[in-house]
Structure formats: structure tokens, C-alpha cells
Amino acid sequence: MFATVLLLNGFQRPLTYKIPEELEGKIGVGALIKVPLKTSQHLAYVVQIDLNFYSDFNVREILGLQQFPDDIKYAEFIEKIAKFYFVPSLHFYQRIRGFFADKKAPAVANRLRQGYAGQEAMAGRQDVPLCHTEPDFCHPELDSGSNRNNILLTFEQQLVVDYLKPFVKNPDYKPTLIHGVTGSGKTEVYSKLIQECIDNNKSVLLLLPEVSLSLQFERIFQKKLPGVKVIGFHSASKPSSRRDLWNGLLKNEPALIIGVHMPIMLPVNNLGIIIIDEEHEHGFLEKKHPRLNSKEIAIWRASIYKIPILLGSATPSLSSLHNVQTKGWKLFNITKRFAGSFPEIKKVILKSQKDQRRSNFWVSRELETAIRDCLSRKEQTIIYLNRRGYSFFVQCKDCGHVFQCSNCSVSLTLHSHYGQETLRCHYCDFQKPLPAVCPDCKADQKNFLKKGVGTQQAVKIFQELFPTAIIARADLDTTSQKRSWYQTVEDFEQGKIDILIGTQTITKGYHFPRVTLVGVLWADLNLHMPIYNAAETSIQQLIQVAGRAGRGQLSSTVIIQMMKDHKIFNYLNEIDYLKFCEDEAVLRKEICYPPFGRLVQIEIKNNSDIQLDRDANSIADILNKINDSQDLKIQILGPAQPVISKIQNIEIRQIFLKSQTFSSIHKLLSQIDFDQFDSRVFIVSSQ
């Protein structure tokens with residue numbers, strides 16, 4: 001017998017090997033094996049078995065089976081993902097081949113551990129820290145003592161644990177959603193269920209939307225569950241930790257495995273439960289091809305493996321709430337905080353005429369007064385603004401020229417460092433000094449308008465308003481320097497910093513008991529982005545940042561500043577979030593946007609805009625012809641230029657497919673060979 005294989009090292013051409021007599025019946029399609037190639041050994045994936053094979057050359061024998069965790073449902077799971085995302089199953093084995101070959105972690109992991117912020121994480125997001133963590137004392141469950149393993153759960157928390165425990169002992173697919181307000185102690189629920197799994201010799205996958213949160217939760221559970229093997233599996237994991245993880249999987253040792261995307265792809269035979277925290281976050285959507293949605297994949301895996309899955313958030317996604325109503329998901333509400341009380345929410349419209357006489361346009365009189373009162377009481381303030389840098393863009397007021405990135409279709413952001421003003425692209429990191437004159441009309445630099453406000457400029461503004469206050473900044477530019485960020489977090493927790501100004505870096509996962517005031521400088525900043533869920537993501541961020549206030553025993557206030565009022569600001573109180581979701585769902589349903597329909601984005605890329613437009617139009621024509629001829633009833637939109645149509649000199653076009661079901665979209669896409677085009681084609685599926 002003979003096996004046709006593909007090497008896991010990326011070699012494209014299939015190779016054929018003879019199956020030794022002692023391995024006949026043990027090797028089938030999907031098996032991982034060791035094969036010889038020239039003078040070295042390689043790992044391979046079996047794609048076909050044949051009884052006979054004729055060749056003019058000597059056919060070499062397979063060396064043996066590759067040791068692999070005994071996960072009997074893994075092949076079925078991988079096949080489902082491969083089919084859904086139109087990629088070969090081999091791709092997913094290649095992602096974890098470093099374990100088989102016992103290689104060291106990729107170089108990117110080392111850079112991340114040193115605080116390097118990858119460009120890929122910057123693309124499409126204003127501020128996403130890749131690698132920072134915080135000390136153990138920055139979490140509510142750890143703040144009141146070093147040993148809280150025997151803590152008594154509240155009635156609401158205990159209901160969740162009591163519901164899921166039986167399905168750990170007697171496995172069954174039970175998707176469960178926790179809507180727990182900020183500071184409600186969802187981590188304690190996770191802790192009890194993790195311990196239950198370990199006691200039953202089962203492993204747990206805990207998924208979080210950012211590496212920073214993964215690192216934080218590793219430290220939390222290492223302290224809370226001293227008898228549990230806790231392993232982080234993500235881009236910042238050490239090679240030794242990865243090898244330890246793989247050896248444990250081979251031995252079926254129970255463990256808690258924490259990460260963002262990578263844990264869900266591991267072969268784990270003794271899986272007891274999957275937990276997804278901050279389930280509403282878009283960080284679960286990978287940024288590289290094939291753009292896997294780890295949250296969705298986790299739900300599939302729980303279904304295939306017949307195990308419970310628990311999703312938690314203070315602001316659950318509309319898709320998960322929709323699944324509660326339509327797919328029988330169980331919903332639990334945790335309405336009380338672990339400690340402290342909910343803050344008072346105040347709205348301020350910046351352009352209000354009665355508020356024009358203030359010290360600075362970006363700081364309302366209400367906010368300035370509240371900060372002064374806070375400082376006088378020796379309490380702390382968080383200022384939130386989801387833009388880093390000094391100002392959004394620089395424009396010549398004489399001729400209107402806006403400084404643009406030469407590699408990307410975005411304006412350059414002004415940064416100021418020790419008096420040096422630099423223009424910088426947040427997508428490709430192109431930088432140049434702010435010119436002395438306008439390149440178009442040669443007007444002097446004094447005629448440049450610096451529009452908008454970023455965290456860097458906000459620091460300067462607040463330093464001028466409160467010269468005696470100690471002020472620090474937390475955004476991608478600062479948190480990527482891990483050591484200095486550790487120090488900032490520790491200083492803020494110990495009360496050495498009065499005002500912390502930051503982006504969404506500080507909106508979740510942190511517990512600062514002395515914070516009694518949160519100010520949002522520009523709450524409607526992202527509301528008018530051309531995405532269907534802009535309102536949902538905006539209110540989620542605002543509720544999360546508001547949740548940093550009042551987590552101790554003190555009363556607290558959140559001041560929300562905006563340019564213009566919007567309907568979402570009527571739901572900023574956490575208890576009103578579900579009402580927002582109900583109203584938003586009505587609008588989504590009318591126009592068949594998720595979760596009431598499926599929206600798939602086809603992203604087409606090429607460094608030649610001429611070839612790109614040619615390919616994009618050809619793809620659209622083919623899609624329309626198939627859609628019409630087979631009456632698939634899919635709405636096809638585009639091709640069109642996205643808001644940011646060029647990144648790192650790569651031009652981008654988009655086509656959107658909208659349908660009631662994904663099955664019709666999948667049927668359409670499966671009939672097209674995208675490899676025939678010169679441009680690269682990527683498919684991104686929304687939930």
C-alpha cells in the first residue's frame with residue numbers, strides 16, 4: 001500500500017511513500033507521519049491511500065507515525081473548519097507543527113515578550129496592545145487577600161455553577177451566556193468550574209480577546225488555583241511552556257489552557273468545558289488569512305465534542321443574545337457588583353453654547369470641576385479617549401493640504417516627543433518630522449492646523465489645567481513598553497498617579513478601587529464609522545470604561561462628553577444595556593444585518609490598482625452570474641474601495657455578500673476558484 005502526502009514544511013508538491021507492512025491498517029487519510037526526504041526527516045499529512053503505485057524510481061518507505069494527542073474528534077473538528085473557510089485541513093496541522101518538530105517559538109513571540117507591538121495588530125484598530133499585563137492586585141477577586149480559593153459565591157453566581165457542573169461530569173453540549181455587570185465576579189464562576197473540571201481529570205480552554213488579558217488571567221489563576229496546571233498558549237508564550245503543554249496533551253493531563261486564538265486549535269482529548277470571557281470583543285477575529293473567528297470555532301467545537309461552553313460579558317453581543325432567543329442558549333444575569341456600587345452617569349454636549357466659556361474646548365466645566373473635587377479628596381480619575389497621538393491630522397489652512405501616508409490611504413497622526421513633532425502612520429509605522437513648510441504652497445508651519453485630539457495632546461491639556469497632579473498615559477505607544485507599563489499600573493494602583501489618560505487599553509480587566517471618576521472626552525468619536533455595528537461596539541466600549549469607576553466602596557461619577565447627542569447615550573447605565581440591544585435588534589432585522597442574516601466580506605488585494613480593479617470586477621461578475629442562474633437570493637454589493645483602501649502599498653477592494661443563511665453564501669463561494677486571479681482574495685465572515 002502507498003500513501004500520498006503533503007509535507008508540513010510548506011512544500012507544495014504531493015509525494016508518495018510506501019506504507020511498511022507493520023503500519024498497514026494504522027495509517028489512513030488525515031494521519032500525521034514521519035517521512036524521509038533526501039538526507040533528512042520531515043512531518044507529513046496523509047491525503048490519499050492507494051493499493052498500488054507505479055514509478056520509475058525507488059519509492060521510499062514511511063518512517064513511522066507521528067506521536068499525536070489521542071483526540072478522537074479532532075479530525076472531524078478540523079474538517080468542519082477547513083470546509084467553512086475554504087482552506088485545506090493541512091493548514092491547521094501546519095499551525096501547530098512546531099510542537100511535532102519541537103521547534104522554538106517563532107521570533108515574533110520573543111519580540112512580543114520584549115514589548116514589541118506588531119504592525120498587524122495596528123491595522124484596522126486605533127489601539128490594541130499586544131503584550132502587557134498587570135500585577136495580581138489589579139483584579140477584584142485578588143484585591144482582598146492573597147488566598148480567596150474558598151470564597152462563597154453569591155446566589156446569582158452559584159446558579160451558574162450549579163447549572164453547568166452536571167454537564168462537566170456527564171458531558172453534553174450546553175451553550176451558556178453570562179450577562180454579568182462590570183465587577184460582578186465572573187472570574188469566581190470560572191474558577192469554580194475550572195476546579196470542577198480538574199477534579200474530574202478534564203482540561204479547560206479559556207479564551208480571551210487580547211494577549212494582555214491572557215497574561216493577566218494566567219497570573220490570576222496561578223494564584224487562585226495553586227493545584228491546577230495553568231498554561232498560556234499565545235504569541236507571547238515561552239518555548240518551554242509550549243513544550244510542557246504539548247507533553248501534557250500527549251499524556252492526557254488535565255490543565256487550564258489560556259489564550260486568544262491558538263488554544264481552540266489544539267488536540268485535547270479530555271476537554272471538559274470551554275470558557276470565553278469578554279465574548280463581545282472583536283479580538284476573537286484573526287487578522288491574518290484565513291481570518292478565523294475563534295469564538296465561532298469554539299462554539300462548533302463544543303457542539304462536536306458534546307461539552308458545555310460558557311460565554312461571559314458585561315455587554316453581551318447581539319449575536320449571543322439572539323442565540324439565547326433562537327437556539328436555546330441558557331442566559332444567566334449577574335446584576336450585583338462584587339464590591340462597590342454603580343457610578344452616576346452624566347452627559348455633556350461639548351458644542352452646547354452655554355458651555356463655550358471653559359478653560360479648554362475638550363474639557364467641559366463639569367469635568368474640570370469634578371476632577372478638582374476628586375484631587376482634593378485624594379481620589380483617582382481615568383480619562384478615556386480612543387485615539388492616540390497628539391492630533392488626528394495636520395492641515396495647511398492656506399491651501400488645504402493634509403499630510404498623508406505615502407504607503408497607506410490615511411492621514412498621518414501628529415505625535416510630540418520631547419518637543420520633537422513627528423508625523424506617523426498607525427498602519428505601517430511610516431514616520432517623518434513635521435515639515436517646516438507646506439509641500440504644496442510653501443506656507444510656514446505656523447499656518448498648520450492640528451485637528452482633533454489624541455491621548456498625547458490630552459496629557460498636555462490636563463497638565464496645564466492641573467499642574468500639581470501626577471498624570472500618566474496608557475495607549476499602544478506606552479503599553480508596548482512592558483516594564484514601564486508595569487510600573488504605571490503599580491503606581492496607579494498604589495495611588496501615586498492622580499489621573500490616568502488612556503485608550504481602550506484601560507476599558508476592561510482592570511480593578512482600581514480608588515477610581516471614583518471616569519471622564520470620556522469624545523464619546524461619539526467612532527459612532528459614524530461605516531460599519532453596521534458601530535453603535536453596538538461604541539456602547540460596549542463606553543460601558544466597559546465606565547465600569548472602571550466605583551469598584552471600591554466609594555460613590556463615583558462618569559462624565560460622558562460628546563459633540564452631538566445620540567440614541568446610544570440613553571442606555572449608558574449598565575442595567576439599560578439589554579434595552580439597547582432590543583432596539584438595535586429591530587433595526588438590524590429590518591435590513592437583514594447580523595445576527596438576523598449573514599454578512600461575508602470578500603477582500604481583494606494587489607499592489608497594482610489596475611490589476612486589482614480588473615480582478616475585482618471579474619469576481620463580481622462571476623458572483624452575480626452564479627447567484628442569478630441558481631436563484632440563491634444573495635445580495636451582492638461592490639466591488640468598492642474601503643475607507644482605508646491602501647495599507648503598506650497594497651491596494652484593497654471589497655465585495656459584500658448578504659443573505660438570510662450562510663449555506664447559500666457558502667454554496668456560491670465554493671463554485672469559484674479564487675486562485676485563478678492575480679490578486680489575493682480573502683474571505684471574512686461576520687457572525
# chains A, B, ... in the order shown; residues from 1 in each chain; ligands from 1
$ residues_around --residues "Gly419 of chain A" --least-positions-apart "4" --cutoff "12 Å" --atoms "only C-alpha atoms" --output "ChimeraX atom specification"
/A:390,415,433-434,460
$ residues_around --residues "segment 169-185 of chain A" --least-positions-apart "3" --cutoff "9 Å" --atoms "only C-alpha atoms" --output "number ranges by chain"
A: 140-141, 153, 157, 160, 164-166, 188-189, 196-197, 200, 272-273, 299, 302-316, 320-321, 324, 328-340, 342, 508, 511, 543-544, 546-548, 551, 574-575
$ write_last_selection --atoms "C-alpha atoms" --output "mmCIF file, in the first residue's frame"
data_model
loop_
_atom_site.group_PDB
_atom_site.id
_atom_site.type_symbol
_atom_site.label_atom_id
_atom_site.label_comp_id
_atom_site.auth_asym_id
_atom_site.auth_seq_id
_atom_site.Cartn_x
_atom_site.Cartn_y
_atom_site.Cartn_z
ATOM 1 C CA PRO A 140 -11.236 42.317 42.312
ATOM 2 C CA GLU A 141 -11.059 38.692 43.316
ATOM 3 C CA LEU A 153 -20.351 32.670 45.744
ATOM 4 C CA GLN A 157 -23.028 33.199 40.763
ATOM 5 C CA VAL A 160 -24.444 29.342 37.008
ATOM 6 C CA LEU A 164 -23.095 23.630 34.491
ATOM 7 C CA LYS A 165 -21.441 21.240 36.973
ATOM 8 C CA PRO A 166 -23.577 18.229 35.999
ATOM 9 C CA GLU A 188 -15.121 33.447 40.507
ATOM 10 C CA VAL A 189 -17.675 31.490 38.486
ATOM 11 C CA GLU A 196 -14.603 21.067 38.904
ATOM 12 C CA CYS A 197 -13.089 20.045 35.561
ATOM 13 C CA ASN A 200 -12.796 15.226 37.147
ATOM 14 C CA GLY A 272 -14.375 19.410 29.941
ATOM 15 C CA ILE A 273 -15.541 22.957 29.186
ATOM 16 C CA ILE A 299 -18.936 27.028 19.686
ATOM 17 C CA ALA A 302 -18.263 22.397 21.959
ATOM 18 C CA SER A 303 -21.073 21.110 19.753
ATOM 19 C CA ILE A 304 -18.923 18.406 18.113
ATOM 20 C CA TYR A 305 -17.339 17.313 21.409
ATOM 21 C CA LYS A 306 -20.682 17.435 23.272
ATOM 22 C CA ILE A 307 -19.358 19.609 26.103
ATOM 23 C CA PRO A 308 -20.616 22.816 27.752
ATOM 24 C CA ILE A 309 -19.374 26.233 26.660
ATOM 25 C CA LEU A 310 -19.667 29.338 28.817
ATOM 26 C CA LEU A 311 -19.527 32.867 27.382
ATOM 27 C CA GLY A 312 -19.313 35.887 29.672
ATOM 28 C CA SER A 313 -19.531 39.658 29.249
ATOM 29 C CA ALA A 314 -20.842 42.810 30.861
ATOM 30 C CA THR A 315 -22.034 43.793 27.385
ATOM 31 C CA PRO A 316 -23.025 40.597 25.531
ATOM 32 C CA SER A 320 -25.151 35.739 21.522
ATOM 33 C CA LEU A 321 -28.360 37.307 22.823
ATOM 34 C CA VAL A 324 -30.496 32.770 23.538
ATOM 35 C CA GLY A 328 -31.943 27.620 23.176
ATOM 36 C CA TRP A 329 -28.839 29.069 24.803
ATOM 37 C CA LYS A 330 -29.155 29.452 28.567
ATOM 38 C CA LEU A 331 -28.872 33.034 29.885
ATOM 39 C CA PHE A 332 -27.840 33.985 33.424
ATOM 40 C CA ASN A 333 -27.835 37.558 34.696
ATOM 41 C CA ILE A 334 -25.463 38.650 37.460
ATOM 42 C CA THR A 335 -26.809 42.038 38.430
ATOM 43 C CA LYS A 336 -24.801 42.881 41.548
ATOM 44 C CA ARG A 337 -21.207 44.045 41.795
ATOM 45 C CA PHE A 338 -18.616 42.033 43.684
ATOM 46 C CA ALA A 339 -17.796 45.232 45.602
ATOM 47 C CA GLY A 340 -18.618 48.920 45.337
ATOM 48 C CA PHE A 342 -22.561 51.652 40.121
ATOM 49 C CA LYS A 508 -11.524 46.133 30.649
ATOM 50 C CA HIS A 511 -9.594 46.891 39.035
ATOM 51 C CA ILE A 543 -19.965 50.779 29.433
ATOM 52 C CA GLN A 544 -16.689 48.918 29.885
ATOM 53 C CA ALA A 546 -17.488 53.395 32.899
ATOM 54 C CA GLY A 547 -17.180 50.105 34.760
ATOM 55 C CA ARG A 548 -13.721 51.114 35.992
ATOM 56 C CA ARG A 551 -15.311 49.275 42.135
ATOM 57 C CA GLU A 574 -25.482 49.111 32.674
ATOM 58 C CA ILE A 575 -28.938 47.923 33.601
#
$ residues_around --residues "segment 619-634 of chain A" --least-positions-apart "2" --cutoff "9 Å" --atoms "only C-alpha atoms" --output "PDB file with C-alpha atoms, in the first residue's frame"
ATOM      1  CA  ARG A 614      -9.804  44.143 -13.210  1.00  0.00           C
ATOM      2  CA  ASP A 615      -9.879  41.150 -10.863  1.00  0.00           C
ATOM      3  CA  ALA A 616     -12.437  42.686  -8.508  1.00  0.00           C
ATOM      4  CA  ASN A 617     -14.837  43.368 -11.368  1.00  0.00           C
ATOM      5  CA  ILE A 636     -24.059  41.305  -3.755  1.00  0.00           C
ATOM      6  CA  LEU A 637     -22.590  44.737  -3.024  1.00  0.00           C
ATOM      7  CA  GLY A 638     -19.489  46.087  -4.733  1.00  0.00           C
ATOM      8  CA  PRO A 639     -16.687  45.965  -5.611  1.00  0.00           C
ATOM      9  CA  ILE A 655     -17.262  42.863  -2.133  1.00  0.00           C
ATOM     10  CA  LEU A 657     -22.429  39.209   0.293  1.00  0.00           C
ATOM     11  CA  LYS A 658     -25.589  39.439   2.385  1.00  0.00           C
ATOM     12  CA  SER A 659     -28.040  36.580   2.825  1.00  0.00           C
ATOM     13  CA  GLN A 660     -30.506  35.078   5.279  1.00  0.00           C
ATOM     14  CA  SER A 664     -26.367  29.889   0.282  1.00  0.00           C
ATOM     15  CA  ILE A 665     -23.237  32.058   0.523  1.00  0.00           C
ATOM     16  CA  LYS A 667     -22.661  27.344  -1.996  1.00  0.00           C
ATOM     17  CA  LEU A 668     -21.874  30.424  -4.083  1.00  0.00           C
ATOM     18  CA  LEU A 669     -18.270  30.775  -2.925  1.00  0.00           C
ATOM     19  CA  GLN A 671     -18.050  27.344  -7.072  1.00  0.00           C
ATOM     20  CA  ILE A 672     -15.274  29.886  -7.618  1.00  0.00           C
ATOM     21  CA  PHE A 674     -10.051  32.338  -6.451  1.00  0.00           C
ATOM     22  CA  PHE A 677      -6.815  35.594 -10.239  1.00  0.00           C
TER      23      PHE A 677
END
$ residues_around --residues "Gln541 of chain A" --least-positions-apart "2" --cutoff "12 Å" --atoms "only C-alpha atoms" --output "ChimeraX atom specification"
/A:182,278,280-282,313-316,384-386,503-508,520,523-527,534-539,543-548,568,572,574,577
$ residues_around --residues "Asp583 of chain A" --least-positions-apart "3" --cutoff "12 Å" --atoms "only C-alpha atoms" --output "ChimeraX atom specification"
/A:318,535-536,567-568,570-571,576-580,586-590
$ write_last_selection --atoms "C-alpha atoms" --output "PDB file, in the first residue's frame"
ATOM      1  CA  LEU A 318     -26.278  40.860  19.863  1.00  0.00           C
ATOM      2  CA  ALA A 535     -23.467  51.694  17.699  1.00  0.00           C
ATOM      3  CA  GLU A 536     -23.048  48.308  19.390  1.00  0.00           C
ATOM      4  CA  LYS A 567     -29.610  57.416  20.964  1.00  0.00           C
ATOM      5  CA  ILE A 568     -26.994  55.111  22.498  1.00  0.00           C
ATOM      6  CA  ASN A 570     -29.760  56.878  26.651  1.00  0.00           C
ATOM      7  CA  TYR A 571     -28.533  53.382  27.584  1.00  0.00           C
ATOM      8  CA  ASP A 576     -30.274  49.528  30.389  1.00  0.00           C
ATOM      9  CA  TYR A 577     -27.884  47.696  28.052  1.00  0.00           C
ATOM     10  CA  LEU A 578     -30.345  44.925  27.208  1.00  0.00           C
ATOM     11  CA  LYS A 579     -32.923  47.552  26.248  1.00  0.00           C
ATOM     12  CA  PHE A 580     -30.418  48.991  23.777  1.00  0.00           C
ATOM     13  CA  VAL A 586     -35.253  45.823  15.492  1.00  0.00           C
ATOM     14  CA  LEU A 587     -33.134  47.941  13.132  1.00  0.00           C
ATOM     15  CA  ARG A 588     -30.804  45.051  12.226  1.00  0.00           C
ATOM     16  CA  LYS A 589     -33.708  42.749  11.449  1.00  0.00           C
ATOM     17  CA  GLU A 590     -35.286  45.239   9.045  1.00  0.00           C
TER      18      GLU A 590
END
$ closest_residue --among "A:Asn9, A:Ser555, A:Thr326, A:Thr381" --to "Pro595 of chain A" --atoms "only C-alpha atoms"
A:Thr326
$ decode --residues "segment 565-622 of chain A" --atoms "C-alpha atoms" --output "PDB file, in the first residue's frame"
ATOM      1  CA  ASP A 565     -26.236  63.566  21.278  1.00  0.00           C
ATOM      2  CA  HIS A 566     -27.055  60.077  20.035  1.00  0.00           C
ATOM      3  CA  LYS A 567     -29.610  57.416  20.964  1.00  0.00           C
ATOM      4  CA  ILE A 568     -26.994  55.111  22.498  1.00  0.00           C
ATOM      5  CA  PHE A 569     -26.307  57.648  25.252  1.00  0.00           C
ATOM      6  CA  ASN A 570     -29.760  56.878  26.651  1.00  0.00           C
ATOM      7  CA  TYR A 571     -28.533  53.382  27.584  1.00  0.00           C
ATOM      8  CA  LEU A 572     -25.228  54.099  29.316  1.00  0.00           C
ATOM      9  CA  ASN A 573     -26.468  52.789  32.633  1.00  0.00           C
ATOM     10  CA  GLU A 574     -25.482  49.111  32.674  1.00  0.00           C
ATOM     11  CA  ILE A 575     -28.938  47.923  33.601  1.00  0.00           C
ATOM     12  CA  ASP A 576     -30.274  49.528  30.389  1.00  0.00           C
ATOM     13  CA  TYR A 577     -27.884  47.696  28.052  1.00  0.00           C
ATOM     14  CA  LEU A 578     -30.345  44.925  27.208  1.00  0.00           C
ATOM     15  CA  LYS A 579     -32.923  47.552  26.248  1.00  0.00           C
ATOM     16  CA  PHE A 580     -30.418  48.991  23.777  1.00  0.00           C
ATOM     17  CA  CYS A 581     -29.910  45.518  22.346  1.00  0.00           C
ATOM     18  CA  GLU A 582     -33.662  45.115  21.870  1.00  0.00           C
ATOM     19  CA  ASP A 583     -33.935  48.413  19.994  1.00  0.00           C
ATOM     20  CA  GLU A 584     -30.817  47.761  17.916  1.00  0.00           C
ATOM     21  CA  ALA A 585     -32.110  44.295  17.008  1.00  0.00           C
ATOM     22  CA  VAL A 586     -35.253  45.823  15.492  1.00  0.00           C
ATOM     23  CA  LEU A 587     -33.134  47.941  13.132  1.00  0.00           C
ATOM     24  CA  ARG A 588     -30.804  45.051  12.226  1.00  0.00           C
ATOM     25  CA  LYS A 589     -33.708  42.749  11.449  1.00  0.00           C
ATOM     26  CA  GLU A 590     -35.286  45.239   9.045  1.00  0.00           C
ATOM     27  CA  ILE A 591     -32.184  45.289   6.841  1.00  0.00           C
ATOM     28  CA  CYS A 592     -31.064  41.667   7.386  1.00  0.00           C
ATOM     29  CA  TYR A 593     -27.805  42.503   9.134  1.00  0.00           C
ATOM     30  CA  PRO A 594     -26.243  40.058  11.622  1.00  0.00           C
ATOM     31  CA  PRO A 595     -27.451  38.328  13.691  1.00  0.00           C
ATOM     32  CA  PHE A 596     -30.568  38.141  11.505  1.00  0.00           C
ATOM     33  CA  GLY A 597     -28.564  37.379   8.386  1.00  0.00           C
ATOM     34  CA  ARG A 598     -25.025  36.555   7.376  1.00  0.00           C
ATOM     35  CA  LEU A 599     -22.635  39.151   6.030  1.00  0.00           C
ATOM     36  CA  VAL A 600     -19.490  37.963   4.271  1.00  0.00           C
ATOM     37  CA  GLN A 601     -16.738  40.281   3.098  1.00  0.00           C
ATOM     38  CA  ILE A 602     -14.530  39.360   0.161  1.00  0.00           C
ATOM     39  CA  GLU A 603     -11.297  41.326   0.429  1.00  0.00           C
ATOM     40  CA  ILE A 604      -9.190  41.563  -2.735  1.00  0.00           C
ATOM     41  CA  LYS A 605      -5.591  42.843  -2.595  1.00  0.00           C
ATOM     42  CA  ASN A 606      -2.925  43.742  -5.137  1.00  0.00           C
ATOM     43  CA  ASN A 607      -0.097  46.253  -5.348  1.00  0.00           C
ATOM     44  CA  SER A 608      -1.374  47.241  -8.816  1.00  0.00           C
ATOM     45  CA  ASP A 609      -4.658  49.138  -8.683  1.00  0.00           C
ATOM     46  CA  ILE A 610      -5.269  48.453 -12.402  1.00  0.00           C
ATOM     47  CA  GLN A 611      -4.969  44.684 -11.998  1.00  0.00           C
ATOM     48  CA  LEU A 612      -6.894  44.861  -8.737  1.00  0.00           C
ATOM     49  CA  ASP A 613      -9.879  46.609 -10.313  1.00  0.00           C
ATOM     50  CA  ARG A 614      -9.804  44.143 -13.210  1.00  0.00           C
ATOM     51  CA  ASP A 615      -9.879  41.150 -10.863  1.00  0.00           C
ATOM     52  CA  ALA A 616     -12.437  42.686  -8.508  1.00  0.00           C
ATOM     53  CA  ASN A 617     -14.837  43.368 -11.368  1.00  0.00           C
ATOM     54  CA  SER A 618     -14.324  39.859 -12.762  1.00  0.00           C
ATOM     55  CA  ILE A 619     -15.067  38.300  -9.375  1.00  0.00           C
ATOM     56  CA  ALA A 620     -18.200  40.413  -9.002  1.00  0.00           C
ATOM     57  CA  ASP A 621     -19.403  39.403 -12.480  1.00  0.00           C
ATOM     58  CA  ILE A 622     -18.906  35.701 -11.730  1.00  0.00           C
TER      59      ILE A 622
END
